[in-house]
$ cat final.pdb   # PDB, N, CA and C atoms
ATOM      1  N   MET K   1       3.323 -16.768  -8.263
ATOM      2  CA  MET K   1       3.175 -15.332  -8.185
ATOM      3  C   MET K   1       3.800 -14.733  -9.440
ATOM      4  N   GLY K   2       3.070 -13.835 -10.129
ATOM      5  CA  GLY K   2       3.572 -13.207 -11.335
ATOM      6  C   GLY K   2       4.654 -12.185 -11.025
ATOM      7  N   LYS K   3       5.404 -11.826 -12.083
ATOM      8  CA  LYS K   3       6.492 -10.869 -11.893
ATOM      9  C   LYS K   3       5.973  -9.515 -11.436
ATOM     10  N   VAL K   4       4.842  -9.077 -12.017
ATOM     11  CA  VAL K   4       4.284  -7.776 -11.638
ATOM     12  C   VAL K   4       3.851  -7.803 -10.180
ATOM     13  N   THR K   5       3.175  -8.860  -9.782
ATOM     14  CA  THR K   5       2.734  -8.975  -8.395
ATOM     15  C   THR K   5       3.922  -9.014  -7.451
ATOM     16  N   LYS K   6       4.979  -9.704  -7.861
ATOM     17  CA  LYS K   6       6.176  -9.785  -7.026
ATOM     18  C   LYS K   6       6.824  -8.410  -6.881
ATOM     19  N   ALA K   7       6.926  -7.667  -7.978
ATOM     20  CA  ALA K   7       7.514  -6.319  -7.924
ATOM     21  C   ALA K   7       6.664  -5.403  -7.065
ATOM     22  N   LEU K   8       5.353  -5.488  -7.245
ATOM     23  CA  LEU K   8       4.468  -4.659  -6.435
ATOM     24  C   LEU K   8       4.549  -5.054  -4.974
ATOM     25  N   GLY K   9       4.658  -6.337  -4.719
ATOM     26  CA  GLY K   9       4.779  -6.795  -3.339
ATOM     27  C   GLY K   9       6.008  -6.224  -2.669
ATOM     28  N   THR K  10       7.112  -6.215  -3.397
ATOM     29  CA  THR K  10       8.353  -5.652  -2.859
ATOM     30  C   THR K  10       8.192  -4.165  -2.611
ATOM     31  N   GLY K  11       7.647  -3.471  -3.593
ATOM     32  CA  GLY K  11       7.448  -2.027  -3.455
ATOM     33  C   GLY K  11       6.478  -1.683  -2.351
ATOM     34  N   PHE K  12       5.364  -2.413  -2.287
ATOM     35  CA  PHE K  12       4.391  -2.158  -1.235
ATOM     36  C   PHE K  12       4.975  -2.443   0.129
ATOM     37  N   GLY K  13       5.732  -3.496   0.201
ATOM     38  CA  GLY K  13       6.360  -3.817   1.482
ATOM     39  C   GLY K  13       7.206  -2.673   1.985
ATOM     40  N   MET K  14       7.974  -2.081   1.074
ATOM     41  CA  MET K  14       8.849  -0.975   1.462
ATOM     42  C   MET K  14       8.046   0.269   1.834
ATOM     43  N   ALA K  15       7.072   0.623   1.004
ATOM     44  CA  ALA K  15       6.289   1.836   1.270
ATOM     45  C   ALA K  15       5.441   1.692   2.526
ATOM     46  N   LEU K  16       4.785   0.561   2.658
ATOM     47  CA  LEU K  16       3.946   0.347   3.834
ATOM     48  C   LEU K  16       4.787   0.221   5.095
ATOM     49  N   ALA K  17       5.929  -0.414   4.977
ATOM     50  CA  ALA K  17       6.798  -0.543   6.149
ATOM     51  C   ALA K  17       7.295   0.820   6.605
ATOM     52  N   ALA K  18       7.641   1.669   5.660
ATOM     53  CA  ALA K  18       8.117   3.010   6.026
ATOM     54  C   ALA K  18       7.018   3.809   6.705
ATOM     55  N   THR K  19       5.827   3.761   6.147
ATOM     56  CA  THR K  19       4.711   4.504   6.722
ATOM     57  C   THR K  19       4.318   3.935   8.078
ATOM     58  N   ALA K  20       4.183   2.627   8.135
ATOM     59  CA  ALA K  20       3.816   1.996   9.403
ATOM     60  C   ALA K  20       4.915   2.192  10.435
ATOM     61  N   GLY K  21       6.162   2.133   9.986
ATOM     62  CA  GLY K  21       7.286   2.330  10.903
ATOM     63  C   GLY K  21       7.258   3.697  11.545
ATOM     64  N   ALA K  22       6.955   4.713  10.755
ATOM     65  CA  ALA K  22       6.864   6.068  11.304
ATOM     66  C   ALA K  22       5.730   6.147  12.319
ATOM     67  N   TYR K  23       4.603   5.525  11.993
ATOM     68  CA  TYR K  23       3.466   5.530  12.908
ATOM     69  C   TYR K  23       3.813   4.783  14.195
ATOM     70  N   LEU K  24       4.416   3.626  14.047
ATOM     71  CA  LEU K  24       4.734   2.807  15.218
ATOM     72  C   LEU K  24       5.787   3.465  16.100
ATOM     73  N   LEU K  25       6.667   4.217  15.495
ATOM     74  CA  LEU K  25       7.718   4.888  16.245
ATOM     75  C   LEU K  25       7.136   5.890  17.239
ATOM     76  N   TYR K  26       6.064   6.549  16.827
ATOM     77  CA  TYR K  26       5.488   7.598  17.667
ATOM     78  C   TYR K  26       4.476   7.070  18.671
ATOM     79  N   LYS K  27       4.003   5.878  18.485
ATOM     80  CA  LYS K  27       3.012   5.310  19.399
ATOM     81  C   LYS K  27       3.690   4.301  20.318
ATOM     82  N   LYS K  28       3.592   4.531  21.596
ATOM     83  CA  LYS K  28       4.248   3.652  22.572
ATOM     84  C   LYS K  28       3.347   2.507  23.030
ATOM     85  N   ASN K  29       2.072   2.612  22.784
ATOM     86  CA  ASN K  29       1.100   1.643  23.255
ATOM     87  C   ASN K  29       1.138   0.369  22.389
ATOM     88  N   PRO K  30       1.413  -0.799  22.986
ATOM     89  CA  PRO K  30       1.467  -2.051  22.207
ATOM     90  C   PRO K  30       0.156  -2.374  21.492
ATOM     91  N   LYS K  31      -0.980  -2.032  22.100
ATOM     92  CA  LYS K  31      -2.265  -2.301  21.451
ATOM     93  C   LYS K  31      -2.389  -1.497  20.163
ATOM     94  N   VAL K  32      -1.944  -0.253  20.210
ATOM     95  CA  VAL K  32      -2.005   0.607  19.029
ATOM     96  C   VAL K  32      -1.080   0.070  17.945
ATOM     97  N   ARG K  33       0.115  -0.359  18.336
ATOM     98  CA  ARG K  33       1.070  -0.907  17.363
ATOM     99  C   ARG K  33       0.511  -2.157  16.693
ATOM    100  N   ASN K  34      -0.055  -3.049  17.484
ATOM    101  CA  ASN K  34      -0.603  -4.292  16.926
ATOM    102  C   ASN K  34      -1.765  -4.011  15.982
ATOM    103  N   LYS K  35      -2.630  -3.092  16.379
ATOM    104  CA  LYS K  35      -3.776  -2.740  15.548
ATOM    105  C   LYS K  35      -3.307  -2.151  14.219
ATOM    106  N   ALA K  36      -2.311  -1.272  14.279
ATOM    107  CA  ALA K  36      -1.787  -0.651  13.059
ATOM    108  C   ALA K  36      -1.157  -1.698  12.152
ATOM    109  N   LYS K  37      -0.409  -2.610  12.730
ATOM    110  CA  LYS K  37       0.247  -3.643  11.927
ATOM    111  C   LYS K  37      -0.786  -4.500  11.209
ATOM    112  N   VAL K  38      -1.862  -4.826  11.888
ATOM    113  CA  VAL K  38      -2.896  -5.668  11.291
ATOM    114  C   VAL K  38      -3.536  -4.966  10.098
ATOM    115  N   TRP K  39      -3.957  -3.701  10.266
ATOM    116  CA  TRP K  39      -4.647  -3.069   9.145
ATOM    117  C   TRP K  39      -3.699  -2.711   8.010
ATOM    118  N   VAL K  40      -2.440  -2.429   8.296
ATOM    119  CA  VAL K  40      -1.472  -2.173   7.224
ATOM    120  C   VAL K  40      -1.238  -3.459   6.428
ATOM    121  N   ASP K  41      -1.096  -4.587   7.109
ATOM    122  CA  ASP K  41      -0.923  -5.869   6.419
ATOM    123  C   ASP K  41      -2.161  -6.223   5.591
ATOM    124  N   ASP K  42      -3.344  -5.980   6.160
ATOM    125  CA  ASP K  42      -4.582  -6.253   5.430
ATOM    126  C   ASP K  42      -4.686  -5.382   4.179
ATOM    127  N   MET K  43      -4.297  -4.125   4.312
ATOM    128  CA  MET K  43      -4.356  -3.217   3.169
ATOM    129  C   MET K  43      -3.375  -3.661   2.083
ATOM    130  N   LYS K  44      -2.216  -4.107   2.491
ATOM    131  CA  LYS K  44      -1.216  -4.595   1.537
ATOM    132  C   LYS K  44      -1.774  -5.782   0.749
ATOM    133  N   LYS K  45      -2.408  -6.720   1.434
ATOM    134  CA  LYS K  45      -2.988  -7.888   0.766
ATOM    135  C   LYS K  45      -4.083  -7.468  -0.210
ATOM    136  N   GLU K  46      -4.906  -6.537   0.228
ATOM    137  CA  GLU K  46      -6.011  -6.059  -0.605
ATOM    138  C   GLU K  46      -5.485  -5.357  -1.865
ATOM    139  N   LEU K  47      -4.451  -4.553  -1.709
ATOM    140  CA  LEU K  47      -3.862  -3.865  -2.858
ATOM    141  C   LEU K  47      -3.250  -4.860  -3.842
ATOM    142  N   LYS K  48      -2.534  -5.843  -3.330
ATOM    143  CA  LYS K  48      -1.943  -6.861  -4.211
ATOM    144  C   LYS K  48      -3.034  -7.581  -4.999
ATOM    145  N   LYS K  49      -4.123  -7.920  -4.317
ATOM    146  CA  LYS K  49      -5.224  -8.626  -4.966
ATOM    147  C   LYS K  49      -5.830  -7.766  -6.076
ATOM    148  N   ASP K  50      -6.059  -6.492  -5.788
ATOM    149  CA  ASP K  50      -6.649  -5.600  -6.785
ATOM    150  C   ASP K  50      -5.710  -5.369  -7.965
ATOM    151  N   PHE K  51      -4.418  -5.204  -7.692
ATOM    152  CA  PHE K  51      -3.466  -4.988  -8.781
ATOM    153  C   PHE K  51      -3.309  -6.226  -9.651
ATOM    154  N   SER K  52      -3.425  -7.393  -9.068
ATOM    155  CA  SER K  52      -3.271  -8.615  -9.861
ATOM    156  C   SER K  52      -4.412  -8.778 -10.866
ATOM    157  N   LYS K  53      -5.535  -8.088 -10.653
ATOM    158  CA  LYS K  53      -6.680  -8.159 -11.566
ATOM    159  C   LYS K  53      -6.538  -7.218 -12.760
ATOM    160  N   LEU K  54      -5.619  -6.265 -12.685
ATOM    161  CA  LEU K  54      -5.475  -5.270 -13.750
ATOM    162  C   LEU K  54      -4.650  -5.812 -14.912
ATOM    163  N   ASN K  55      -5.054  -5.450 -16.130
ATOM    164  CA  ASN K  55      -4.285  -5.832 -17.322
ATOM    165  C   ASN K  55      -3.052  -4.964 -17.469
ATOM    166  N   GLU K  56      -3.194  -3.694 -17.138
ATOM    167  CA  GLU K  56      -2.091  -2.749 -17.265
ATOM    168  C   GLU K  56      -2.066  -1.865 -16.024
ATOM    169  N   ILE K  57      -0.870  -1.615 -15.534
ATOM    170  CA  ILE K  57      -0.731  -0.733 -14.378
ATOM    171  C   ILE K  57       0.041   0.494 -14.830
ATOM    172  N   ASN K  58      -0.647   1.623 -14.806
ATOM    173  CA  ASN K  58      -0.001   2.894 -15.090
ATOM    174  C   ASN K  58      -0.270   3.820 -13.908
ATOM    175  N   GLN K  59       0.189   5.038 -13.992
ATOM    176  CA  GLN K  59       0.054   5.940 -12.848
ATOM    177  C   GLN K  59      -1.409   6.163 -12.471
ATOM    178  N   THR K  60      -2.265   6.301 -13.467
ATOM    179  CA  THR K  60      -3.682   6.552 -13.206
ATOM    180  C   THR K  60      -4.337   5.361 -12.513
ATOM    181  N   THR K  61      -4.131   4.157 -13.056
ATOM    182  CA  THR K  61      -4.754   2.979 -12.449
ATOM    183  C   THR K  61      -4.158   2.688 -11.076
ATOM    184  N   PHE K  62      -2.871   2.961 -10.935
ATOM    185  CA  PHE K  62      -2.203   2.757  -9.648
ATOM    186  C   PHE K  62      -2.842   3.633  -8.569
ATOM    187  N   LYS K  63      -2.932   4.930  -8.854
ATOM    188  CA  LYS K  63      -3.475   5.860  -7.859
ATOM    189  C   LYS K  63      -4.955   5.599  -7.593
ATOM    190  N   LYS K  64      -5.712   5.259  -8.633
ATOM    191  CA  LYS K  64      -7.137   4.975  -8.465
ATOM    192  C   LYS K  64      -7.332   3.741  -7.587
ATOM    193  N   THR K  65      -6.546   2.714  -7.806
ATOM    194  CA  THR K  65      -6.658   1.495  -7.006
ATOM    195  C   THR K  65      -6.300   1.767  -5.553
ATOM    196  N   VAL K  66      -5.242   2.536  -5.324
ATOM    197  CA  VAL K  66      -4.853   2.886  -3.953
ATOM    198  C   VAL K  66      -5.977   3.670  -3.276
ATOM    199  N   GLU K  67      -6.583   4.616  -4.004
ATOM    200  CA  GLU K  67      -7.698   5.389  -3.441
ATOM    201  C   GLU K  67      -8.886   4.496  -3.113
ATOM    202  N   ASP K  68      -9.235   3.597  -4.039
ATOM    203  CA  ASP K  68     -10.382   2.706  -3.832
ATOM    204  C   ASP K  68     -10.195   1.822  -2.600
ATOM    205  N   VAL K  69      -9.026   1.249  -2.474
ATOM    206  CA  VAL K  69      -8.756   0.391  -1.314
ATOM    207  C   VAL K  69      -8.765   1.233  -0.038
ATOM    208  N   GLY K  70      -8.205   2.425  -0.101
ATOM    209  CA  GLY K  70      -8.229   3.324   1.054
ATOM    210  C   GLY K  70      -9.650   3.665   1.480
ATOM    211  N   GLU K  71     -10.529   3.907   0.503
ATOM    212  CA  GLU K  71     -11.928   4.199   0.819
ATOM    213  C   GLU K  71     -12.606   3.005   1.481
ATOM    214  N   ARG K  72     -12.330   1.808   0.975
ATOM    215  CA  ARG K  72     -12.923   0.605   1.582
ATOM    216  C   ARG K  72     -12.475   0.455   3.029
ATOM    217  N   PHE K  73     -11.200   0.686   3.285
ATOM    218  CA  PHE K  73     -10.699   0.581   4.653
ATOM    219  C   PHE K  73     -11.282   1.680   5.533
ATOM    220  N   GLY K  74     -11.494   2.857   4.978
ATOM    221  CA  GLY K  74     -12.088   3.954   5.734
ATOM    222  C   GLY K  74     -13.513   3.644   6.160
ATOM    223  N   ARG K  75     -14.251   2.946   5.304
ATOM    224  CA  ARG K  75     -15.636   2.592   5.636
ATOM    225  C   ARG K  75     -15.712   1.523   6.718
ATOM    226  N   MET K  76     -14.641   0.768   6.899
ATOM    227  CA  MET K  76     -14.646  -0.290   7.917
ATOM    228  C   MET K  76     -14.735   0.296   9.319
ATOM    229  N   GLY K  77     -14.247   1.505   9.502
ATOM    230  CA  GLY K  77     -14.361   2.170  10.790
ATOM    231  C   GLY K  77     -13.353   1.735  11.837
ATOM    232  N   GLN K  78     -12.497   0.783  11.524
ATOM    233  CA  GLN K  78     -11.517   0.314  12.500
ATOM    234  C   GLN K  78     -10.186   1.033  12.358
ATOM    235  N   VAL K  79     -10.102   1.913  11.361
ATOM    236  CA  VAL K  79      -8.854   2.582  11.036
ATOM    237  C   VAL K  79      -9.015   4.073  11.284
ATOM    238  N   ASN K  80      -8.007   4.676  11.889
ATOM    239  CA  ASN K  80      -8.007   6.117  12.098
ATOM    240  C   ASN K  80      -7.948   6.800  10.733
ATOM    241  N   LYS K  81      -8.917   7.675  10.458
ATOM    242  CA  LYS K  81      -9.027   8.315   9.138
ATOM    243  C   LYS K  81      -7.789   9.138   8.783
ATOM    244  N   THR K  82      -7.210   9.812   9.765
ATOM    245  CA  THR K  82      -6.029  10.637   9.512
ATOM    246  C   THR K  82      -4.843   9.769   9.119
ATOM    247  N   GLU K  83      -4.645   8.677   9.844
ATOM    248  CA  GLU K  83      -3.536   7.774   9.543
ATOM    249  C   GLU K  83      -3.737   7.099   8.191
ATOM    250  N   LEU K  84      -4.972   6.710   7.911
ATOM    251  CA  LEU K  84      -5.276   6.079   6.631
ATOM    252  C   LEU K  84      -5.021   7.054   5.484
ATOM    253  N   SER K  85      -5.453   8.283   5.650
ATOM    254  CA  SER K  85      -5.241   9.299   4.623
ATOM    255  C   SER K  85      -3.750   9.512   4.365
ATOM    256  N   GLY K  86      -2.972   9.544   5.432
ATOM    257  CA  GLY K  86      -1.526   9.693   5.289
ATOM    258  C   GLY K  86      -0.905   8.526   4.544
ATOM    259  N   LEU K  87      -1.350   7.320   4.864
ATOM    260  CA  LEU K  87      -0.828   6.129   4.197
ATOM    261  C   LEU K  87      -1.194   6.130   2.716
ATOM    262  N   VAL K  88      -2.446   6.468   2.410
ATOM    263  CA  VAL K  88      -2.891   6.509   1.015
ATOM    264  C   VAL K  88      -2.081   7.542   0.231
ATOM    265  N   ASN K  89      -1.883   8.715   0.808
ATOM    266  CA  ASN K  89      -1.098   9.751   0.124
ATOM    267  C   ASN K  89       0.347   9.309  -0.082
ATOM    268  N   ASP K  90       0.934   8.671   0.921
ATOM    269  CA  ASP K  90       2.309   8.173   0.787
ATOM    270  C   ASP K  90       2.413   7.139  -0.330
ATOM    271  N   LEU K  91       1.435   6.255  -0.400
ATOM    272  CA  LEU K  91       1.454   5.234  -1.445
ATOM    273  C   LEU K  91       1.282   5.854  -2.830
ATOM    274  N   LYS K  92       0.381   6.817  -2.946
ATOM    275  CA  LYS K  92       0.190   7.470  -4.243
ATOM    276  C   LYS K  92       1.450   8.220  -4.663
ATOM    277  N   ASP K  93       2.130   8.822  -3.711
ATOM    278  CA  ASP K  93       3.374   9.538  -4.010
ATOM    279  C   ASP K  93       4.516   8.589  -4.365
ATOM    280  N   ALA K  94       4.368   7.320  -4.036
ATOM    281  CA  ALA K  94       5.429   6.345  -4.280
ATOM    282  C   ALA K  94       5.363   5.741  -5.683
ATOM    283  N   TRP K  95       4.542   6.301  -6.557
ATOM    284  CA  TRP K  95       4.403   5.769  -7.909
ATOM    285  C   TRP K  95       5.757   5.656  -8.610
ATOM    286  N   ALA K  96       6.617   6.646  -8.460
ATOM    287  CA  ALA K  96       7.919   6.633  -9.145
ATOM    288  C   ALA K  96       8.710   5.376  -8.786
ATOM    289  N   HIS K  97       8.666   5.002  -7.522
ATOM    290  CA  HIS K  97       9.374   3.797  -7.076
ATOM    291  C   HIS K  97       8.787   2.549  -7.740
ATOM    292  N   PHE K  98       7.466   2.445  -7.744
ATOM    293  CA  PHE K  98       6.819   1.271  -8.318
ATOM    294  C   PHE K  98       7.016   1.211  -9.825
ATOM    295  N   SER K  99       6.990   2.369 -10.490
ATOM    296  CA  SER K  99       7.156   2.365 -11.942
ATOM    297  C   SER K  99       8.560   1.898 -12.324
ATOM    298  N   LYS K 100       9.558   2.199 -11.497
ATOM    299  CA  LYS K 100      10.914   1.704 -11.759
ATOM    300  C   LYS K 100      10.944   0.180 -11.674
ATOM    301  N   ASP K 101      10.276  -0.371 -10.661
ATOM    302  CA  ASP K 101      10.216  -1.830 -10.531
ATOM    303  C   ASP K 101       9.534  -2.457 -11.744
ATOM    304  N   LEU K 102       8.451  -1.836 -12.187
ATOM    305  CA  LEU K 102       7.711  -2.372 -13.325
ATOM    306  C   LEU K 102       8.506  -2.246 -14.619
ATOM    307  N   SER K 103       9.192  -1.126 -14.818
ATOM    308  CA  SER K 103       9.961  -0.954 -16.056
ATOM    309  C   SER K 103      11.149  -1.909 -16.101
ATOM    310  N   SER K 104      11.734  -2.220 -14.957
ATOM    311  CA  SER K 104      12.848  -3.176 -14.950
ATOM    312  C   SER K 104      12.360  -4.575 -15.322
ATOM    313  N   LEU K 105      11.114  -4.888 -14.996
ATOM    314  CA  LEU K 105      10.556  -6.186 -15.380
ATOM    315  C   LEU K 105      10.341  -6.261 -16.888
ATOM    316  N   LYS K 106       9.940  -5.146 -17.497
ATOM    317  CA  LYS K 106       9.698  -5.133 -18.937
ATOM    318  C   LYS K 106      10.997  -5.315 -19.712
ATOM    319  N   LYS K 107      12.104  -4.799 -19.166
ATOM    320  CA  LYS K 107      13.401  -4.914 -19.835
ATOM    321  C   LYS K 107      13.960  -6.327 -19.724
ATOM    322  N   GLY K 108      13.672  -6.975 -18.568
ATOM    323  CA  GLY K 108      14.293  -8.263 -18.288
ATOM    324  C   GLY K 108      13.549  -9.409 -18.756
TER     325      GLY K 108
END

$ encode --input "final.pdb" --output "structure tokens"
Amino acid sequence: MGKVTKALGTGFGMALAATAGAYLLYKKNPKVRNKAKVWVDDMKKELKKDFSKLNEINQTTFKKTVEDVGERFGRMGQVNKTELSGLVNDLKDAWAHFSKDLSSLKKG
């Protein structure tokens, strides 16, 4: 696993866990929790795969990739559009966190 992928994996884990955690906290139904966990994990894998294909990750490519993956998941129809939209927005807003991880890799 490359350093960039590892940093993104750590960052995505934190952002997705926070978003999914908030969703899971409000839903008491185990079926809903399991379904949410599955699609959040799938989205994380898909984002890592797409980011690993990029030569350079900047704010524009980061947000575009998050949007593209979000659109693909929205077309699947198994994900609540409102929850997906919230997750995509949270991830796009988390650019500052990811850029810190990436800049620390460039220094080290």

$ resolve_selection --input "final.pdb" --expression "the PyMOL selection byres ((chain K and resi 92) around 8)" --output "ChimeraX atom specification"
/K:62-64,66-67,86-91,93-96

$ closest_residue --input "final.pdb" --among "K:Thr60, K:Gly70, K:Gln78, K:Lys31" --to "Met43 of chain K" --atoms "only C-alpha atoms"
K:Gly70

$ atom_distance --input "final.pdb" --atom1 "atom CA of Thr65 of chain K" --atom2 "atom C of Asp41 of chain K"
15.4 Å

$ atom_distance --input "final.pdb" --atom1 "atom N of Asp101 of chain K" --atom2 "atom CA of Gly74 of chain K"
28.1 Å

$ atom_distance --input "final.pdb" --atom1 "atom CA of Asp42 of chain K" --atom2 "atom CA of Gln59 of chain K"
22.5 Å

$ closest_residue --input "final.pdb" --among "K:Asn58, K:Leu47, K:Trp39, K:Pro30" --to "Met76 of chain K" --atoms "only C-alpha atoms"
K:Trp39

$ closest_residue --input "final.pdb" --among "K:Leu102, K:Asn55, K:Leu84, K:Val79" --to "Lys35 of chain K" --atoms "only N, CA and C atoms"
K:Val79

$ closest_residue --input "final.pdb" --among "K:Lys100, K:Gly77, K:Thr82, K:Val69" --to "Glu46 of chain K" --atoms "only C-alpha atoms"
K:Val69
